[in-house]
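Next comes target-v2.pdb, a file with PDB, C-alpha atoms and all ligand atoms.
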ATOM      1  CA  MET A   1     171.310  24.961 164.447  1.00  0.00           C
ATOM      2  CA  LYS A   2     173.535  27.237 166.484  1.00  0.00           C
ATOM      3  CA  VAL A   3     173.848  30.773 165.190  1.00  0.00           C
ATOM      4  CA  LYS A   4     176.980  32.197 166.689  1.00  0.00           C
ATOM      5  CA  ASP A   5     179.085  35.109 165.605  1.00  0.00           C
ATOM      6  CA  THR A   6     181.846  36.520 167.788  1.00  0.00           C
ATOM      7  CA  PRO A   7     184.353  39.404 167.815  1.00  0.00           C
ATOM      8  CA  LYS A   8     186.992  36.853 166.766  1.00  0.00           C
ATOM      9  CA  HIS A   9     184.998  36.062 163.617  1.00  0.00           C
ATOM     10  CA  LEU A  10     184.502  39.749 162.929  1.00  0.00           C
ATOM     11  CA  GLY A  11     188.254  40.279 163.196  1.00  0.00           C
ATOM     12  CA  LEU A  12     188.877  37.448 160.725  1.00  0.00           C
ATOM     13  CA  ARG A  13     186.399  39.007 158.302  1.00  0.00           C
ATOM     14  CA  HIS A  14     188.201  42.340 158.485  1.00  0.00           C
ATOM     15  CA  GLN A  15     191.449  40.525 157.670  1.00  0.00           C
ATOM     16  CA  LEU A  16     189.759  38.763 154.762  1.00  0.00           C
ATOM     17  CA  ALA A  17     188.389  42.055 153.391  1.00  0.00           C
ATOM     18  CA  PHE A  18     191.882  43.546 153.686  1.00  0.00           C
ATOM     19  CA  LEU A  19     193.333  40.605 151.742  1.00  0.00           C
ATOM     20  CA  LEU A  20     190.682  40.963 149.022  1.00  0.00           C
ATOM     21  CA  GLU A  21     191.479  44.656 148.784  1.00  0.00           C
ATOM     22  CA  GLU A  22     195.151  43.741 148.279  1.00  0.00           C
ATOM     23  CA  LYS A  23     194.065  41.349 145.547  1.00  0.00           C
ATOM     24  CA  GLY A  24     192.380  44.221 143.727  1.00  0.00           C
ATOM     25  CA  ILE A  25     188.798  44.468 145.010  1.00  0.00           C
ATOM     26  CA  LYS A  26     188.072  48.209 145.228  1.00  0.00           C
ATOM     27  CA  ASP A  27     184.285  48.359 145.614  1.00  0.00           C
ATOM     28  CA  GLU A  28     183.737  49.553 149.187  1.00  0.00           C
ATOM     29  CA  ALA A  29     180.145  48.254 149.318  1.00  0.00           C
ATOM     30  CA  VAL A  30     181.436  44.770 148.446  1.00  0.00           C
ATOM     31  CA  LEU A  31     184.232  44.951 151.031  1.00  0.00           C
ATOM     32  CA  GLN A  32     181.747  46.115 153.648  1.00  0.00           C
ATOM     33  CA  ALA A  33     179.496  43.132 152.871  1.00  0.00           C
ATOM     34  CA  ILE A  34     182.476  40.763 153.215  1.00  0.00           C
ATOM     35  CA  ARG A  35     183.165  42.334 156.626  1.00  0.00           C
ATOM     36  CA  SER A  36     179.568  41.823 157.712  1.00  0.00           C
ATOM     37  CA  VAL A  37     178.421  38.412 156.411  1.00  0.00           C
ATOM     38  CA  PRO A  38     179.382  35.573 158.808  1.00  0.00           C
ATOM     39  CA  ARG A  39     180.811  33.147 156.219  1.00  0.00           C
ATOM     40  CA  HIS A  40     181.603  30.557 158.912  1.00  0.00           C
ATOM     41  CA  LEU A  41     177.873  30.013 159.399  1.00  0.00           C
ATOM     42  CA  PHE A  42     177.529  28.987 155.740  1.00  0.00           C
ATOM     43  CA  LEU A  43     179.920  26.042 156.232  1.00  0.00           C
ATOM     44  CA  ASP A  44     179.453  22.969 158.340  1.00  0.00           C
ATOM     45  CA  SER A  45     180.532  23.969 161.871  1.00  0.00           C
ATOM     46  CA  SER A  46     183.388  21.428 161.904  1.00  0.00           C
ATOM     47  CA  PHE A  47     185.011  23.340 159.021  1.00  0.00           C
ATOM     48  CA  GLU A  48     184.771  26.724 160.687  1.00  0.00           C
ATOM     49  CA  ALA A  49     188.554  27.166 160.645  1.00  0.00           C
ATOM     50  CA  HIS A  50     188.447  27.326 156.837  1.00  0.00           C
ATOM     51  CA  ALA A  51     185.750  29.979 156.614  1.00  0.00           C
ATOM     52  CA  TYR A  52     187.926  33.081 156.433  1.00  0.00           C
ATOM     53  CA  GLN A  53     190.638  31.723 154.179  1.00  0.00           C
ATOM     54  CA  ASP A  54     190.355  32.859 150.599  1.00  0.00           C
ATOM     55  CA  LYS A  55     189.367  29.519 149.141  1.00  0.00           C
ATOM     56  CA  ALA A  56     186.347  27.595 147.894  1.00  0.00           C
ATOM     57  CA  PHE A  57     185.048  24.816 150.122  1.00  0.00           C
ATOM     58  CA  PRO A  58     182.793  21.749 149.715  1.00  0.00           C
ATOM     59  CA  ILE A  59     179.210  22.061 150.964  1.00  0.00           C
ATOM     60  CA  ALA A  60     176.307  19.589 150.696  1.00  0.00           C
ATOM     61  CA  ALA A  61     175.306  17.721 147.510  1.00  0.00           C
ATOM     62  CA  SER A  62     178.833  17.760 145.990  1.00  0.00           C
ATOM     63  CA  GLN A  63     178.680  21.530 145.559  1.00  0.00           C
ATOM     64  CA  THR A  64     180.985  24.296 146.723  1.00  0.00           C
ATOM     65  CA  ILE A  65     180.779  27.662 148.438  1.00  0.00           C
ATOM     66  CA  SER A  66     182.648  29.980 146.073  1.00  0.00           C
ATOM     67  CA  GLN A  67     186.004  31.461 147.027  1.00  0.00           C
ATOM     68  CA  PRO A  68     185.585  34.844 148.772  1.00  0.00           C
ATOM     69  CA  TYR A  69     187.654  36.552 146.076  1.00  0.00           C
ATOM     70  CA  THR A  70     185.339  35.174 143.391  1.00  0.00           C
ATOM     71  CA  VAL A  71     182.238  36.306 145.295  1.00  0.00           C
ATOM     72  CA  ALA A  72     183.744  39.773 145.761  1.00  0.00           C
ATOM     73  CA  PHE A  73     184.920  39.983 142.135  1.00  0.00           C
ATOM     74  CA  GLN A  74     181.582  38.894 140.653  1.00  0.00           C
ATOM     75  CA  SER A  75     179.698  41.229 143.012  1.00  0.00           C
ATOM     76  CA  SER A  76     181.920  44.143 141.891  1.00  0.00           C
ATOM     77  CA  LEU A  77     181.464  43.328 138.195  1.00  0.00           C
ATOM     78  CA  LEU A  78     177.690  43.616 138.584  1.00  0.00           C
ATOM     79  CA  GLN A  79     178.084  47.366 139.306  1.00  0.00           C
ATOM     80  CA  ALA A  80     174.654  47.259 140.889  1.00  0.00           C
ATOM     81  CA  LYS A  81     173.212  49.885 143.199  1.00  0.00           C
ATOM     82  CA  PRO A  82     171.201  49.418 146.403  1.00  0.00           C
ATOM     83  CA  GLY A  83     167.583  48.551 145.694  1.00  0.00           C
ATOM     84  CA  GLN A  84     168.250  46.991 142.294  1.00  0.00           C
ATOM     85  CA  LYS A  85     166.876  43.600 141.289  1.00  0.00           C
ATOM     86  CA  ILE A  86     169.485  40.869 140.972  1.00  0.00           C
ATOM     87  CA  LEU A  87     168.938  37.312 139.784  1.00  0.00           C
ATOM     88  CA  GLU A  88     171.414  34.709 141.027  1.00  0.00           C
ATOM     89  CA  ILE A  89     171.740  31.286 139.403  1.00  0.00           C
ATOM     90  CA  GLY A  90     173.056  28.679 141.868  1.00  0.00           C
ATOM     91  CA  THR A  91     172.025  29.630 145.427  1.00  0.00           C
ATOM     92  CA  GLY A  92     174.275  26.899 146.877  1.00  0.00           C
ATOM     93  CA  SER A  93     175.265  27.757 150.446  1.00  0.00           C
ATOM     94  CA  GLY A  94     173.537  31.143 150.203  1.00  0.00           C
ATOM     95  CA  TYR A  95     176.732  33.089 150.905  1.00  0.00           C
ATOM     96  CA  GLN A  96     176.730  35.039 147.625  1.00  0.00           C
ATOM     97  CA  ALA A  97     173.027  35.774 148.095  1.00  0.00           C
ATOM     98  CA  ALA A  98     173.726  37.030 151.635  1.00  0.00           C
ATOM     99  CA  VAL A  99     176.505  39.300 150.332  1.00  0.00           C
ATOM    100  CA  LEU A 100     174.081  40.817 147.801  1.00  0.00           C
ATOM    101  CA  CYS A 101     171.413  41.209 150.513  1.00  0.00           C
ATOM    102  CA  ALA A 102     174.005  42.951 152.709  1.00  0.00           C
ATOM    103  CA  MET A 103     174.592  45.304 149.747  1.00  0.00           C
ATOM    104  CA  GLN A 104     170.840  46.110 149.871  1.00  0.00           C
ATOM    105  CA  MET A 105     170.026  44.379 146.591  1.00  0.00           C
ATOM    106  CA  LYS A 106     166.668  42.775 145.900  1.00  0.00           C
ATOM    107  CA  VAL A 107     167.833  39.200 145.489  1.00  0.00           C
ATOM    108  CA  TYR A 108     166.127  36.461 143.477  1.00  0.00           C
ATOM    109  CA  SER A 109     167.965  33.138 143.431  1.00  0.00           C
ATOM    110  CA  ILE A 110     167.485  29.721 141.825  1.00  0.00           C
ATOM    111  CA  GLU A 111     168.970  26.402 143.003  1.00  0.00           C
ATOM    112  CA  ARG A 112     168.521  23.075 141.232  1.00  0.00           C
ATOM    113  CA  GLN A 113     169.411  20.791 144.175  1.00  0.00           C
ATOM    114  CA  SER A 114     166.380  20.470 146.411  1.00  0.00           C
ATOM    115  CA  GLU A 115     168.439  19.522 149.480  1.00  0.00           C
ATOM    116  CA  LEU A 116     170.509  22.695 149.212  1.00  0.00           C
ATOM    117  CA  PHE A 117     167.531  24.847 148.353  1.00  0.00           C
ATOM    118  CA  LYS A 118     165.682  23.784 151.521  1.00  0.00           C
ATOM    119  CA  LYS A 119     168.692  24.046 153.818  1.00  0.00           C
ATOM    120  CA  THR A 120     169.772  27.436 152.525  1.00  0.00           C
ATOM    121  CA  LYS A 121     166.301  28.937 152.662  1.00  0.00           C
ATOM    122  CA  VAL A 122     166.137  28.137 156.379  1.00  0.00           C
ATOM    123  CA  LEU A 123     169.688  29.375 157.019  1.00  0.00           C
ATOM    124  CA  LEU A 124     169.214  32.758 155.315  1.00  0.00           C
ATOM    125  CA  GLN A 125     166.004  33.320 157.234  1.00  0.00           C
ATOM    126  CA  LYS A 126     167.702  32.366 160.499  1.00  0.00           C
ATOM    127  CA  LEU A 127     170.543  34.805 159.869  1.00  0.00           C
ATOM    128  CA  GLY A 128     168.098  37.602 159.090  1.00  0.00           C
ATOM    129  CA  TYR A 129     168.744  37.945 155.348  1.00  0.00           C
ATOM    130  CA  LYS A 130     165.653  38.652 153.325  1.00  0.00           C
ATOM    131  CA  PRO A 131     166.032  37.710 149.678  1.00  0.00           C
ATOM    132  CA  LYS A 132     162.942  38.629 147.659  1.00  0.00           C
ATOM    133  CA  PHE A 133     162.521  35.146 146.218  1.00  0.00           C
ATOM    134  CA  LEU A 134     164.333  31.821 146.528  1.00  0.00           C
ATOM    135  CA  THR A 135     163.260  28.954 144.348  1.00  0.00           C
ATOM    136  CA  PHE A 136     164.064  25.379 143.452  1.00  0.00           C
ATOM    137  CA  GLY A 137     164.293  25.108 139.676  1.00  0.00           C
ATOM    138  CA  ASP A 138     166.295  25.347 136.504  1.00  0.00           C
ATOM    139  CA  GLY A 139     168.563  28.357 136.245  1.00  0.00           C
ATOM    140  CA  TYR A 140     168.781  28.025 132.462  1.00  0.00           C
ATOM    141  CA  LYS A 141     165.208  29.284 132.299  1.00  0.00           C
ATOM    142  CA  GLY A 142     165.738  32.207 134.667  1.00  0.00           C
ATOM    143  CA  LEU A 143     162.624  33.740 136.218  1.00  0.00           C
ATOM    144  CA  PRO A 144     160.568  35.207 133.368  1.00  0.00           C
ATOM    145  CA  ASP A 145     157.716  36.116 135.752  1.00  0.00           C
ATOM    146  CA  TYR A 146     160.010  38.456 137.708  1.00  0.00           C
ATOM    147  CA  ALA A 147     162.064  39.812 134.778  1.00  0.00           C
ATOM    148  CA  PRO A 148     163.648  42.140 133.804  1.00  0.00           C
ATOM    149  CA  PHE A 149     166.610  42.247 136.204  1.00  0.00           C
ATOM    150  CA  ASP A 150     169.169  45.004 136.736  1.00  0.00           C
ATOM    151  CA  GLY A 151     171.794  42.321 137.129  1.00  0.00           C
ATOM    152  CA  ILE A 152     172.221  38.567 136.723  1.00  0.00           C
ATOM    153  CA  ILE A 153     174.981  36.644 138.466  1.00  0.00           C
ATOM    154  CA  VAL A 154     175.638  33.036 137.517  1.00  0.00           C
ATOM    155  CA  THR A 155     177.661  31.083 140.085  1.00  0.00           C
ATOM    156  CA  ALA A 156     178.091  27.811 138.159  1.00  0.00           C
ATOM    157  CA  ALA A 157     180.052  27.195 134.944  1.00  0.00           C
ATOM    158  CA  ALA A 158     177.819  27.659 131.910  1.00  0.00           C
ATOM    159  CA  PRO A 159     178.756  25.911 128.647  1.00  0.00           C
ATOM    160  CA  THR A 160     177.333  28.873 126.704  1.00  0.00           C
ATOM    161  CA  ILE A 161     175.493  32.066 127.616  1.00  0.00           C
ATOM    162  CA  PRO A 162     171.842  31.059 128.119  1.00  0.00           C
ATOM    163  CA  LYS A 163     169.562  32.999 125.753  1.00  0.00           C
ATOM    164  CA  ALA A 164     166.696  33.054 128.258  1.00  0.00           C
ATOM    165  CA  LEU A 165     168.909  34.892 130.751  1.00  0.00           C
ATOM    166  CA  MET A 166     170.010  37.480 128.181  1.00  0.00           C
ATOM    167  CA  ALA A 167     166.349  38.165 127.437  1.00  0.00           C
ATOM    168  CA  GLN A 168     165.671  38.792 131.158  1.00  0.00           C
ATOM    169  CA  LEU A 169     168.347  41.473 131.502  1.00  0.00           C
ATOM    170  CA  LYS A 170     167.213  45.099 131.686  1.00  0.00           C
ATOM    171  CA  VAL A 171     168.655  47.558 129.144  1.00  0.00           C
ATOM    172  CA  GLY A 172     171.642  49.038 131.007  1.00  0.00           C
ATOM    173  CA  GLY A 173     172.002  45.895 133.121  1.00  0.00           C
ATOM    174  CA  ARG A 174     174.881  43.448 133.411  1.00  0.00           C
ATOM    175  CA  MET A 175     175.123  39.680 133.518  1.00  0.00           C
ATOM    176  CA  VAL A 176     178.227  38.209 135.175  1.00  0.00           C
ATOM    177  CA  ILE A 177     178.742  34.618 134.075  1.00  0.00           C
ATOM    178  CA  PRO A 178     181.632  32.136 133.961  1.00  0.00           C
ATOM    179  CA  VAL A 179     181.610  30.385 130.569  1.00  0.00           C
ATOM    180  CA  GLY A 180     183.567  27.269 129.637  1.00  0.00           C
ATOM    181  CA  ALA A 181     184.175  23.608 130.457  1.00  0.00           C
ATOM    182  CA  ASP A 182     187.293  22.799 132.555  1.00  0.00           C
ATOM    183  CA  THR A 183     188.140  26.412 133.277  1.00  0.00           C
ATOM    184  CA  GLN A 184     185.908  29.380 132.586  1.00  0.00           C
ATOM    185  CA  ASP A 185     186.282  32.915 131.316  1.00  0.00           C
ATOM    186  CA  MET A 186     184.407  35.404 133.450  1.00  0.00           C
ATOM    187  CA  TYR A 187     182.109  37.266 131.065  1.00  0.00           C
ATOM    188  CA  VAL A 188     180.289  40.493 131.671  1.00  0.00           C
ATOM    189  CA  ILE A 189     177.438  40.996 129.248  1.00  0.00           C
ATOM    190  CA  TYR A 190     176.199  44.548 129.186  1.00  0.00           C
ATOM    191  CA  ARG A 191     172.831  45.144 127.566  1.00  0.00           C
ATOM    192  CA  LYS A 192     173.206  48.375 125.588  1.00  0.00           C
ATOM    193  CA  SER A 193     169.772  48.269 123.978  1.00  0.00           C
ATOM    194  CA  ALA A 194     166.961  45.821 123.248  1.00  0.00           C
ATOM    195  CA  THR A 195     169.072  44.135 120.575  1.00  0.00           C
ATOM    196  CA  ASP A 196     172.642  45.151 121.370  1.00  0.00           C
ATOM    197  CA  PHE A 197     174.839  43.298 123.905  1.00  0.00           C
ATOM    198  CA  GLU A 198     178.467  44.113 124.677  1.00  0.00           C
ATOM    199  CA  LYS A 199     180.655  41.234 125.946  1.00  0.00           C
ATOM    200  CA  LYS A 200     183.942  41.462 127.820  1.00  0.00           C
ATOM    201  CA  THR A 201     186.004  38.871 129.708  1.00  0.00           C
ATOM    202  CA  TYR A 202     187.733  39.285 133.055  1.00  0.00           C
ATOM    203  CA  GLY A 203     190.106  36.360 133.587  1.00  0.00           C
ATOM    204  CA  LYS A 204     189.958  32.639 134.261  1.00  0.00           C
ATOM    205  CA  PHE A 205     187.992  30.922 137.028  1.00  0.00           C
ATOM    206  CA  ARG A 206     186.892  27.446 138.070  1.00  0.00           C
ATOM    207  CA  PHE A 207     183.290  26.670 139.005  1.00  0.00           C
ATOM    208  CA  VAL A 208     181.181  23.534 139.410  1.00  0.00           C
ATOM    209  CA  PRO A 209     179.127  22.974 136.241  1.00  0.00           C
ATOM    210  CA  MET A 210     175.769  24.547 135.561  1.00  0.00           C
ATOM    211  CA  LEU A 211     173.710  21.433 134.933  1.00  0.00           C
ATOM    212  CA  GLU A 212     170.663  20.837 132.792  1.00  0.00           C
ATOM    213  CA  ASN A 213     167.401  20.318 134.601  1.00  0.00           C
ATOM    214  CA  LYS A 214     166.791  16.863 136.073  1.00  0.00           C
ATOM    215  CA  ASN A 215     163.208  16.680 134.866  1.00  0.00           C
TER
HETATM  216  N1  LIG B 301     176.450  31.007 144.970  1.00  0.00           N
HETATM  217  C1  LIG B 301     176.844  29.807 145.665  1.00  0.00           C
HETATM  218  C2  LIG B 301     177.796  28.963 144.846  1.00  0.00           C
HETATM  219  C3  LIG B 301     177.302  27.552 144.776  1.00  0.00           C
HETATM  220  S1  LIG B 301     178.099  26.477 143.637  1.00  0.00           S
HETATM  221  C4  LIG B 301     177.415  30.124 147.036  1.00  0.00           C
HETATM  222  O1  LIG B 301     177.617  31.303 147.342  1.00  0.00           O
HETATM  223  O2  LIG B 301     177.635  29.205 147.826  1.00  0.00           O
HETATM  224  C5  LIG B 301     176.953  26.500 142.277  1.00  0.00           C
HETATM  225  C6  LIG B 301     175.538  26.097 142.572  1.00  0.00           C
HETATM  226  O3  LIG B 301     174.836  26.104 141.312  1.00  0.00           O
HETATM  227  C7  LIG B 301     175.354  24.685 143.110  1.00  0.00           C
HETATM  228  O4  LIG B 301     174.640  24.738 144.314  1.00  0.00           O
HETATM  229  C8  LIG B 301     174.565  23.945 142.027  1.00  0.00           C
HETATM  230  O5  LIG B 301     173.648  22.994 142.534  1.00  0.00           O
HETATM  231  C9  LIG B 301     173.851  25.095 141.343  1.00  0.00           C
HETATM  232  N2  LIG B 301     173.420  24.830 139.962  1.00  0.00           N
HETATM  233  C10 LIG B 301     174.040  24.101 139.003  1.00  0.00           C
HETATM  234  N3  LIG B 301     173.325  24.093 137.864  1.00  0.00           N
HETATM  235  C11 LIG B 301     172.196  24.844 138.102  1.00  0.00           C
HETATM  236  C12 LIG B 301     171.052  25.200 137.330  1.00  0.00           C
HETATM  237  N4  LIG B 301     170.881  24.795 136.062  1.00  0.00           N
HETATM  238  N5  LIG B 301     170.103  25.969 137.915  1.00  0.00           N
HETATM  239  C13 LIG B 301     170.228  26.399 139.194  1.00  0.00           C
HETATM  240  N6  LIG B 301     171.293  26.087 139.980  1.00  0.00           N
HETATM  241  C14 LIG B 301     172.267  25.311 139.451  1.00  0.00           C
END

Please re-express this file's structure in structure tokens.
Amino acid sequence: MKVKDTPKHLGLRHQLAFLLEEKGIKDEAVLQAIRSVPRHLFLDSSFEAHAYQDKAFPIAASQTISQPYTVAFQSSLLQAKPGQKILEIGTGSGYQAAVLCAMQMKVYSIERQSELFKKTKVLLQKLGYKPKFLTFGDGYKGLPDYAPFDGIIVTAAAPTIPKALMAQLKVGGRMVIPVGADTQDMYVIYRKSATDFEKKTYGKFRFVPMLENKN
């Protein structure tokens, strides 16, 4: 695999970050990550021209790389600080994971398609991103062995908010999760105490479905 980033790509990323800022993304750490992560290397090289447009795009195994705005918006909603532990459900292309790594988060991510899991693990390593833990498995279960997490980001459409994931959230932490069937409401679930969760929604989105485990 060729790993190639150029000043032209960097310029396109700056334009993309500027566009996202115009669309309402204010978090400078997120914008800086968008400027630094080479999104074109997360797409098949023949689709490079699409990489810095603000749109989702098909990747392997009938999945998609999320729209840059969605990645930036979800990353902002996490309100996480450098060094915090973040669990991602749906590694996919690895772009969202790379953005969180660029923001100095400790990233744990689960992917249920083995083909994608293997490909993305190699890609992230090649590009120099160092997530703490990538695994092939069922996101509905989370990662109880590594819990609790300061933040949880779900990048597939969940029919309901998985109980196991709520249990793995630290008190004071946030889970960002799109919930719904055809279109989803973006929920932020803030854990106020061991038993108290505050829920708010932040607009409509469209994700590929979060699927039950194959096994
Ligand atoms: N974060 C990704 C978005 C990928 S799309 C990116 O930046 O590219 C959503 C991903 O969620 C898909 O790869 C899909 O295979 C995965 N997924 C769906 N259901 C899942 C589940 N139950 N557990 C883990 N991953 C799941």

Do you know which residues the PyMOL selection byres (((not hetatm)) within 6 of (chain B and resi 301)) returns on this file, as a list in words?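 With the PyMOL selection byres (((not hetatm)) within 6 of (chain B and resi 301)) on this model, the match is Gln63, Thr64, Ile65, Ser66, Ile89, Gly90, Thr91, Gly92, Ser93, Gly94, Tyr95, Gln96, Ile110, Glu111, Arg112, Gln113, Asp138, Gly139, Tyr140, Thr155, Ala156, Val208, Pro209, Met210, Leu211, Glu212 and Asn213 of chain A.
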
Under the rule that all atoms listed in the file are counted, which of A:Lys23, A:Ser75, A:Ser62, A:Lys4 is the nearest residue to A:Ser45?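 Nearest to A:Ser45: A:Lys4.
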
Counting all atoms listed in the file, the residue of A:Val71, A:Val107, A:Ala60, A:Ile189 that sits nearest A:Asp44: A:Ala60

Kindly provide the residues of stretch 44-74 of chain A that approach stretch 29-37 of chain A to within 9 Å, each paired with its closest atom pair and their distance in Å to one decimal, based on all atoms listed in the file, listed by chain and increasing number, as a tab-separated table.
residue	atom	partner	partner_atom	distance
A:Pro68	CA	A:Ile34	CA	8.0
A:Ala72	CA	A:Val30	CA	6.1
A:Phe73	CA	A:Val30	CA	8.7

For those residues, write C-alpha atoms to a file as an mmCIF file, keeping the file's coordinate frame.
data_model
loop_
_atom_site.group_PDB
_atom_site.id
_atom_site.type_symbol
_atom_site.label_atom_id
_atom_site.label_comp_id
_atom_site.auth_asym_id
_atom_site.auth_seq_id
_atom_site.Cartn_x
_atom_site.Cartn_y
_atom_site.Cartn_z
ATOM 1 C CA PRO A 68 185.585 34.844 148.772
ATOM 2 C CA ALA A 72 183.744 39.773 145.761
ATOM 3 C CA PHE A 73 184.920 39.983 142.135
#

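The residue set within 8 Å of A:Ala158, counting only C-alpha atoms and dropping same-chain residues fewer than 5 places from it, reads Ile177, Pro178, Val179, Gly180, Ala181, Pro209 and Met210 of chain A.
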
Expressed in Å, the length from atom CA of A:Leu19 to atom CA of A:Tyr129 is 25.0 Å

Would you mind listing what lies within 7 Å of A:Pro82 as a ChimeraX atom specification, with all atoms listed in the file counted and same-chain residues fewer than 4 positions away left out? /A:103-105

Select, from A:Val188, A:Ala17, A:Ile86, A:Leu123, the residue with the minimum atom-to-atom distance to A:Gln168, counting all atoms listed in the file. A:Ile86

Given the PyMOL selection byres (((chain A and resi 200-206) around 8) and not hetatm), the residues it picks as a PyMOL selection string: chain A and resi 157+178+182-189+198-199+207-208

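When the PyMOL selection byres (((chain A and resi 147) around 12) and not hetatm) is evaluated on the file shown here, the picked residues come out as Lys85, Ile86, Leu87, Tyr108, Lys141, Gly142, Leu143, Pro144, Asp145, Tyr146, Pro148, Phe149, Asp150, Gly151, Ile152, Ala164, Leu165, Met166, Ala167, Gln168, Leu169, Lys170, Val171 and Gly173 of chain A.
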
Once you count all atoms listed in the file, which residues end up no further than 10 Å from (165.2, 32.9, 148.0) in the file's frame, shown as a PyMOL selection string? chain A and resi 88+91+94+97+107-111+117-118+120-122+124-125+129-136

Which value, in Å to one decimal, gives the distance between atom CA of A:Gln79 and atom CA of A:Arg191?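 Those two atoms sit 13.1 Å apart.
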
Measure the distance from atom CA of A:Lys192 to atom CA of A:Val154 in Å and round it to one decimal. 19.6 Å
